[in-house]
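**Student:** I am attaching a structure below and will ask some questions about it afterwards.
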Amino acid sequence: MHTVVAIKQVPDTSNVRINPDTGTLIREGAPVIINPYDVHALEMAVRLKERFGGKVTVLTMGPPKAAEALVECIEQGADRGILITDRKFAAADTLATSYVIAHAIEAIQAEEPVDLLLFGKQAIDGDTAQVGPGVASRLDVPLISYAIQIEAFDPAARRAIVHRRIEQGIEVLETSLPALLTVEKEIAAIRRAPLPNLIRAAGYQPEVWSADAPNPFDPASIGIKGSPTIVGKAFTPPPKEAGELVHVADVGLAAAVSTALAKIAAAGVVATLPAGAKGGSP
Amino acid sequence: MTAQPTQQTRRIWVFIEQEDGAPHPVSWELLGAARRLAAELDAEHAVVEGVLLGHQVAPIAQEAFRYGASRVYLIDDPVLALYRNLPYAAGVSRLVQSYQPEIFLVGATTLGRDLASAIATRVQTGLTADCTELTIDPKQQILAATRPTFGGNLMATILCRQRRPQMATVRPRVLPMPQPLAEAAGELIREPLDMAEEEVPVRRLRLIPSQQQLNLEYADVIVAGGRGLGGPDGLPLLEELAQALGGVLGVSRPLVDAGWVSAEHQVGQTGKTVRPKLYIAAGISGAVQHRVGMSGADFILAINSDPQAPIFQVADLGIVGDLYQVAPELIRQVRALQGGDDHVR
Ligand SMILES: Cc1cc2nc3c(=O)[nH]c(=O)nc-3n(C[C@H](O)[C@H](O)[C@H](O)COP(=O)(O)OP(=O)(O)OC[C@H]3O[C@@H](n4cnc5c(N)ncnc54)[C@H](O)[C@@H]3O)c2cc1C
Ligand SMILES: Cc1cc2nc3c(=O)[nH]c(=O)nc-3n(C[C@H](O)[C@H](O)[C@H](O)COP(=O)(O)OP(=O)(O)OC[C@H]3O[C@@H](n4cnc5c(N)ncnc54)[C@H](O)[C@@H]3O)c2cc1C
């Protein structure tokens, strides 16, 4: 049983700061974390390993600093961490990113077969949710996005039953393996890392792959060259003009509310409020 | 027969999403946007066309014509009865390769996101996610797709200069719903799928329908509560106000995280984008991640005890006060307006 988990190191967007003059992210001092969904993907992989034996490989494409994220994954129970890093990969859009990850997975697969691929449902910085489906298409494996539960898993028969959240409810799908799942947080609850993992992680050095070694990537498919999209411009959204404020403390409760209802009625937006109404009695 | 399009025909495509024979309204929103883009791009040669997949779904094409498609490409096959990534992606990608559209828009729904990236990867083109604005760059004559990133803190305009089609997804309710024509004719082009059921590696065993069919995205009135409620006990009050106005309950994320209410009610970046006629935000501070989901409302009434709360910056009217006083008074006055004034005094 071999699972490959793709993780991304992301800025903690709950406290990003934007330079209003340049419209760029202020990276200095911005804390980085493992993309929250990816942590749950890894946890799912570790649980499958506990049940069926085997191993968990984690890979990420990113700057050298992303090695830290892989060490954290070892703490959480991963066996092998691969950092794909090279300036040539920089400025990749999702098409180039999915190429790099798919090509790396093919290289891993050439060493030992892979039964399952786990991705987060989306990264909290780029936020596209496009990398997982792209990798599945490139590898020609079944895709199950927005997965919330693995109901049954049979590595020997090469079949799994997976629940995914869709607009109408929960869809229960049977798939052949290997398959690629993009996961929601519900897929598996995070546990505290056990001591032996922490000890192993303390001395762990992730493998580092570049654009040329040990597996050469196609130079035309990576980085800027391999990215059909470019960011034309970036800007902070212009603030809208604020509306009128009425203070209950100044005008009293009934008057504040009737002012509001009169304005809503005047705007004619709500059928349930007769237009032309003057508000309730103050 | 309609005249054959010339070499210069510039196709703007919209994926017509349907499930169980019901079209998703985001398809019509996208057709509206596509018509605008066609006019901006090249009024003479640009055409708006729909792509429809499913089983026994041909009647939906008629609706697409009424929303502005001049042609619909239809792949109708039992294998496509339920959405699955592989046959849909393979079918649409083949159409793209045969007809070479210049722009291709897909709804950023669960289905659309799953599908769009698979298509873009197969045809090796660029895809911009979750756009909030689509225009044609006048100089370069290409699609300029603007999207929020870093949790709405930054807007980025993305271009796809060389490869075609230029693909983009847009969430439901981000674009306005166009008025359909009473009657319209168009051309239906049927294409085969060429895939047998045995070739599809995924099978649906069952669907567990969600208990409540809450249609937050398309509600006309939303009364939304935030952490200012102080606890789950305040929710029935807002539900009562929503009911009085014929609306539904929305919430900010902390209420979902705390387990007070199910995620279907969440408005914002990681919840639903809504575009109601009236949005009442009670006890919501107005963080950017919340605002990106609701700032398209026609009228926003904010109720907050803090006059500095950022929600007031997007509100058309703000009431500075305690929601536990304001909401009951709103209910009282709304009922009075609707049902005569017997219980007002
Ligand atoms: C402002 C801005 C806007 C952008 N807009 C677009 C756009 O519209 N279209 C586009 O194609 N690109 C866009 N990009 C580029 C995009 O962010 C990168 O391609 C990024 O590497 C992957 O996209 P994502 O962060 O959206 O990942 P998602 O597709 O949201 O990530 C899903 C999952 O894929 C895996 N994954 C993602 N990245 C990696 C990685 N580097 N290593 C390992 N696993 C990974 C993780 O499991 C993750 O949970 C944009 C970038 C910026 C800065
Ligand atoms: C990646 C990311 C994604 C996110 N996605 C979303 C999302 O989709 N949707 C979302 O909503 N948030 C989202 N958030 C969270 C967001 O940043 C805010 O934390 C959240 O919206 C705050 O919710 P709130 O306004 O209810 O609470 P608070 O910010 O705590 O505001 C409570 C407000 O209530 C007021 N108040 C208190 N008591 C009263 C009273 N008695 N009467 C009237 N007013 C009162 C206070 O003055 C205050 O303004 C996201 C965050 C991140 C990092």
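Here's how to read the names in the structure tokens: chain A, B, ... by the order shown, residue numbers from 1 in each chain, ligand numbers from 1 in the order shown.
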If we count only C-alpha atoms, which residues of chain B reach to within 6 Å of chain A? Please list them as a short mmCIF file (atom, residue, chain, number, x, y, z; two decimals) with C-alpha atoms, in the first residue's frame.

**Tutor:**
```cif
data_model
loop_
_atom_site.label_atom_id
_atom_site.label_comp_id
_atom_site.auth_asym_id
_atom_site.auth_seq_id
_atom_site.Cartn_x
_atom_site.Cartn_y
_atom_site.Cartn_z
CA SER B 117 -9.20 21.98 -14.99
CA ALA B 118 -9.39 18.54 -16.58
CA THR B 121 -5.03 20.17 -18.94
CA GLY B 126 -4.62 28.42 -19.36
CA ALA B 129 -10.26 30.38 -11.49
CA PHE B 150 -5.02 35.81 -0.83
CA LEU B 154 -5.63 41.29 -3.53
CA MET B 155 -7.19 41.34 -6.99
CA ALA B 156 -5.22 39.96 -9.92
CA THR B 157 -5.99 40.32 -13.62
CA ILE B 158 -4.88 37.19 -15.44
CA LEU B 159 -4.17 36.93 -19.17
CA CYS B 160 -3.61 33.96 -21.42
CA PRO B 201 -13.43 3.77 -13.98
CA VAL B 202 -15.88 5.44 -11.58
CA ARG B 203 -19.44 4.43 -10.79
CA ARG B 204 -22.00 6.13 -8.59
CA LEU B 205 -23.36 3.71 -6.01
CA ARG B 206 -25.80 6.10 -4.40
CA LEU B 207 -26.57 9.70 -3.51
CA ILE B 208 -27.31 10.78 0.05
CA PRO B 209 -29.37 13.92 -0.57
CA SER B 210 -28.82 16.83 1.79
CA LEU B 245 -39.12 39.07 4.90
CA LYS B 277 -31.89 41.92 -3.35
CA GLN B 313 -18.15 50.41 4.54
CA VAL B 314 -20.09 48.13 2.22
CA ALA B 315 -23.52 48.79 3.70
CA ASP B 316 -26.11 51.02 2.04
CA LEU B 317 -27.44 51.73 5.48
CA GLY B 318 -26.02 50.97 8.89
CA ILE B 319 -27.77 50.81 12.22
CA VAL B 320 -25.39 51.27 15.12
CA GLY B 321 -26.98 49.36 17.95
CA GLN B 333 -42.28 46.86 12.08
#
```

**Student:** Quick one: contact table of chain B to ligand 2, 9 Å max, nearest atom pair and distance in Å to one decimal per residue, counting only C-alpha atoms and all ligand atoms, chain and number order, as a Markdown table?

**Tutor:**
```
| residue | atom | partner | partner_atom_place_in_ligand_line | distance |
| --- | --- | --- | --- | --- |
| B:Phe150 | CA | ligand 2 | 1 (C) | 7.6 |
| B:Gly151 | CA | ligand 2 | 1 (C) | 5.4 |
| B:Gly152 | CA | ligand 2 | 3 (C) | 8.9 |
| B:Gly225 | CA | ligand 2 | 26 (O) | 6.7 |
| B:Gly226 | CA | ligand 2 | 26 (O) | 3.1 |
| B:Arg227 | CA | ligand 2 | 26 (O) | 3.8 |
| B:Gly228 | CA | ligand 2 | 34 (O) | 3.3 |
| B:Leu229 | CA | ligand 2 | 38 (N) | 6.1 |
| B:Gly230 | CA | ligand 2 | 38 (N) | 6.7 |
| B:Val251 | CA | ligand 2 | 11 (O) | 6.7 |
| B:Ser252 | CA | ligand 2 | 11 (O) | 3.3 |
| B:Arg253 | CA | ligand 2 | 10 (C) | 4.0 |
| B:Pro254 | CA | ligand 2 | 23 (O) | 5.5 |
| B:Leu255 | CA | ligand 2 | 26 (O) | 7.0 |
| B:Gln266 | CA | ligand 2 | 9 (N) | 6.1 |
| B:Val267 | CA | ligand 2 | 9 (N) | 5.1 |
| B:Gly268 | CA | ligand 2 | 8 (O) | 3.3 |
| B:Gln269 | CA | ligand 2 | 8 (O) | 3.8 |
| B:Thr270 | CA | ligand 2 | 8 (O) | 3.6 |
| B:Gly271 | CA | ligand 2 | 8 (O) | 4.3 |
| B:Lys272 | CA | ligand 2 | 8 (O) | 7.1 |
| B:Thr273 | CA | ligand 2 | 8 (O) | 8.7 |
| B:Ala281 | CA | ligand 2 | 25 (O) | 8.9 |
| B:Ala282 | CA | ligand 2 | 43 (C) | 6.1 |
| B:Gly283 | CA | ligand 2 | 34 (O) | 3.5 |
| B:Ile284 | CA | ligand 2 | 25 (O) | 3.4 |
| B:Ser285 | CA | ligand 2 | 49 (O) | 3.4 |
| B:Gly286 | CA | ligand 2 | 25 (O) | 5.3 |
| B:Ala287 | CA | ligand 2 | 21 (O) | 4.9 |
| B:Val288 | CA | ligand 2 | 17 (O) | 6.6 |
| B:Gln289 | CA | ligand 2 | 6 (C) | 4.6 |
| B:His290 | CA | ligand 2 | 11 (O) | 4.0 |
| B:Arg291 | CA | ligand 2 | 11 (O) | 7.7 |
| B:Val292 | CA | ligand 2 | 8 (O) | 8.3 |
| B:Gly293 | CA | ligand 2 | 8 (O) | 7.1 |
| B:Ile303 | CA | ligand 2 | 43 (C) | 5.7 |
| B:Asn304 | CA | ligand 2 | 44 (N) | 3.6 |
| B:Ser305 | CA | ligand 2 | 44 (N) | 4.3 |
| B:Asp306 | CA | ligand 2 | 47 (O) | 4.5 |
| B:Pro307 | CA | ligand 2 | 47 (O) | 7.9 |
| B:Gln308 | CA | ligand 2 | 49 (O) | 8.1 |
| B:Ala309 | CA | ligand 2 | 49 (O) | 5.1 |
| B:Pro310 | CA | ligand 2 | 49 (O) | 7.7 |
| B:Ile311 | CA | ligand 2 | 49 (O) | 7.7 |
| B:Val320 | CA | ligand 2 | 43 (C) | 7.6 |
| B:Gly321 | CA | ligand 2 | 43 (C) | 5.9 |
| B:Asp322 | CA | ligand 2 | 42 (N) | 3.6 |
| B:Leu323 | CA | ligand 2 | 42 (N) | 3.9 |
| B:Tyr324 | CA | ligand 2 | 41 (N) | 6.0 |
| B:Gln325 | CA | ligand 2 | 42 (N) | 8.1 |
| B:Val326 | CA | ligand 2 | 42 (N) | 8.3 |
```

**Student:** How about saving the chosen residues, C-alpha atoms kept, as a CSV table (one decimal), in the first residue's frame?

**Tutor:**
```csv
chain,number,residue,atom,x,y,z
B,150,PHE,CA,-5.0,35.8,-0.8
B,151,GLY,CA,-8.4,35.6,0.7
B,152,GLY,CA,-9.8,38.7,-1.2
B,225,GLY,CA,-25.8,36.5,11.7
B,226,GLY,CA,-22.2,36.7,13.0
B,227,ARG,CA,-20.3,36.2,16.1
B,228,GLY,CA,-22.0,39.2,17.5
B,229,LEU,CA,-24.9,36.8,18.3
B,230,GLY,CA,-22.9,35.6,21.2
B,251,VAL,CA,-24.0,33.2,8.6
B,252,SER,CA,-20.3,34.2,8.9
B,253,ARG,CA,-17.8,31.4,9.1
B,254,PRO,CA,-17.1,31.3,12.9
B,255,LEU,CA,-20.7,30.1,13.4
B,266,GLN,CA,-22.0,30.2,5.2
B,267,VAL,CA,-21.5,33.3,3.1
B,268,GLY,CA,-18.0,34.3,1.9
B,269,GLN,CA,-14.8,33.2,0.3
B,270,THR,CA,-15.0,29.7,1.6
B,271,GLY,CA,-18.8,29.6,1.6
B,272,LYS,CA,-21.3,30.8,-0.9
B,273,THR,CA,-21.3,33.9,-3.0
B,281,ALA,CA,-25.8,41.5,8.3
B,282,ALA,CA,-26.3,41.4,12.1
B,283,GLY,CA,-23.3,41.1,14.4
B,284,ILE,CA,-20.9,40.6,11.5
B,285,SER,CA,-17.8,42.7,11.5
B,286,GLY,CA,-17.3,42.6,7.8
B,287,ALA,CA,-13.9,40.8,7.3
B,288,VAL,CA,-12.8,40.8,3.6
B,289,GLN,CA,-13.4,37.1,3.4
B,290,HIS,CA,-17.1,37.7,4.3
B,291,ARG,CA,-17.5,40.7,2.1
B,292,VAL,CA,-16.3,39.0,-1.1
B,293,GLY,CA,-19.3,36.7,-0.7
B,303,ILE,CA,-26.5,46.1,12.3
B,304,ASN,CA,-23.5,46.4,14.5
B,305,SER,CA,-22.9,47.8,17.9
B,306,ASP,CA,-19.4,49.1,16.9
B,307,PRO,CA,-19.6,52.2,14.6
B,308,GLN,CA,-16.1,51.4,13.4
B,309,ALA,CA,-17.0,48.0,12.1
B,310,PRO,CA,-15.8,47.5,8.5
B,311,ILE,CA,-19.2,46.1,7.5
B,320,VAL,CA,-25.4,51.3,15.1
B,321,GLY,CA,-27.0,49.4,18.0
B,322,ASP,CA,-27.5,46.1,19.7
B,323,LEU,CA,-28.9,43.5,17.4
B,324,TYR,CA,-30.9,42.0,20.2
B,325,GLN,CA,-32.9,45.2,20.3
B,326,VAL,CA,-32.8,46.0,16.6
```

**Student:** Given the choices B:Ala302, B:Ile331, B:Ala144, B:Val248, which gets closest to ligand 1 if the distance is worked out from only C-alpha atoms and all ligand atoms?

**Tutor:** B:Ala144

**Student:** As an exercise, work out the distance from atom CA of B:Phe299 to atom CA of A:Ala262 in Å and give it to one decimal place.

**Tutor:**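 Taking atom CA of B:Phe299 as the start and atom CA of A:Ala262 as the end point, the length is 12.5 Å.
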
**Student:** Near stretch 52-61 of chain A, counting only C-alpha atoms, which residues have an atom at most 6 Å away, once you skip same-chain residues fewer than 5 positions from it, shown as a compact mmCIF listing (two decimals) with C-alpha atoms, in the first residue's frame?

**Tutor:**
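Saved to result19.txt:
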```txt
# COMPACT_ATOMS: atom_id res chain seq x y z
CA MET A 1 0.00 0.00 0.00
CA HIS A 2 1.73 3.14 -1.20
CA THR A 3 0.13 6.59 -1.02
CA VAL A 4 1.60 9.75 -2.47
CA VAL A 5 0.47 13.02 -0.89
CA ALA A 6 1.05 16.39 -2.60
CA ILE A 7 1.43 19.27 -0.17
CA LYS A 8 1.98 22.98 -0.59
CA ALA A 78 5.14 10.17 6.33
CA ASP A 79 8.06 7.92 5.36
CA ARG A 80 9.64 9.80 2.51
CA GLY A 81 9.72 13.49 1.63
CA ILE A 82 10.66 14.90 -1.78
CA LEU A 83 11.30 18.60 -2.35
CA ILE A 84 11.14 19.65 -5.98
CA THR A 85 12.96 22.94 -6.11
```

**Student:** For a quick check of understanding, using only C-alpha atoms, which of B:Pro276, B:Pro180, B:Gly50, B:Pro87 has the smallest distance to B:Phe104?

**Tutor:**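 Checking each of B:Pro276, B:Pro180, B:Gly50, B:Pro87 against B:Phe104, counting only C-alpha atoms, the winner is B:Gly50.
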
**Student:** Please indicate the distance in Å from atom CA of B:Leu301 to atom CA of B:Leu134, rounded to one decimal place.

**Tutor:**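 Computing the Euclidean distance for atom CA of B:Leu301 and atom CA of B:Leu134 yields 28.0 Å.
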
**Student:** Write down as a PyMOL selection string the residues of stretch 74-252 of chain A whose backbone DSSP state falls under strand (DSSP E or B).

**Tutor:** chain A and resi 80-84+116-120+143-154+159-166+169-176+179-183+207-209+229-235+244-247

**Student:** I'd like the neighbourhood of stretch 63-77 of chain A as a VMD selection string, where a residue qualifies if any of its atoms comes within 10 Å (using only C-alpha atoms), though same-chain residues fewer than 4 positions away should be ignored.

**Tutor:** chain A and resid 5 7 to 10 32 to 35 38 to 39 42 to 43 45 to 47 49 to 50 55 to 59 81 to 87 89 to 90 190 to 208

**Student:** Compare B:Arg71, B:Arg35, B:Arg171, B:Arg122 by their minimum atom-to-atom distance to B:Glu187, counting only C-alpha atoms, and give me the closest one.

**Tutor:**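 Of the candidates, the smallest distance to B:Glu187 is held by B:Arg71.
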
**Student:** Write out as a list in words which residues come within 9 Å of B:His55 when counting only C-alpha atoms, dropping same-chain ones fewer than 3 positions away.

**Tutor:**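 In the requested form, the answer reads Asp20, Gly21, Ala58, Ile75, Asp76, Asp77, Pro78, Val79, Leu80, Ala81 and Leu82 of chain B.
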
**Student:** Pick out the closest residue to ligand 1 from this set: B:Ala61, B:Ile119, B:Leu127, B:Ala34. Count only C-alpha atoms and all ligand atoms.

**Tutor:**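 Using only C-alpha atoms and all ligand atoms, ligand 1 sits closest to B:Leu127.
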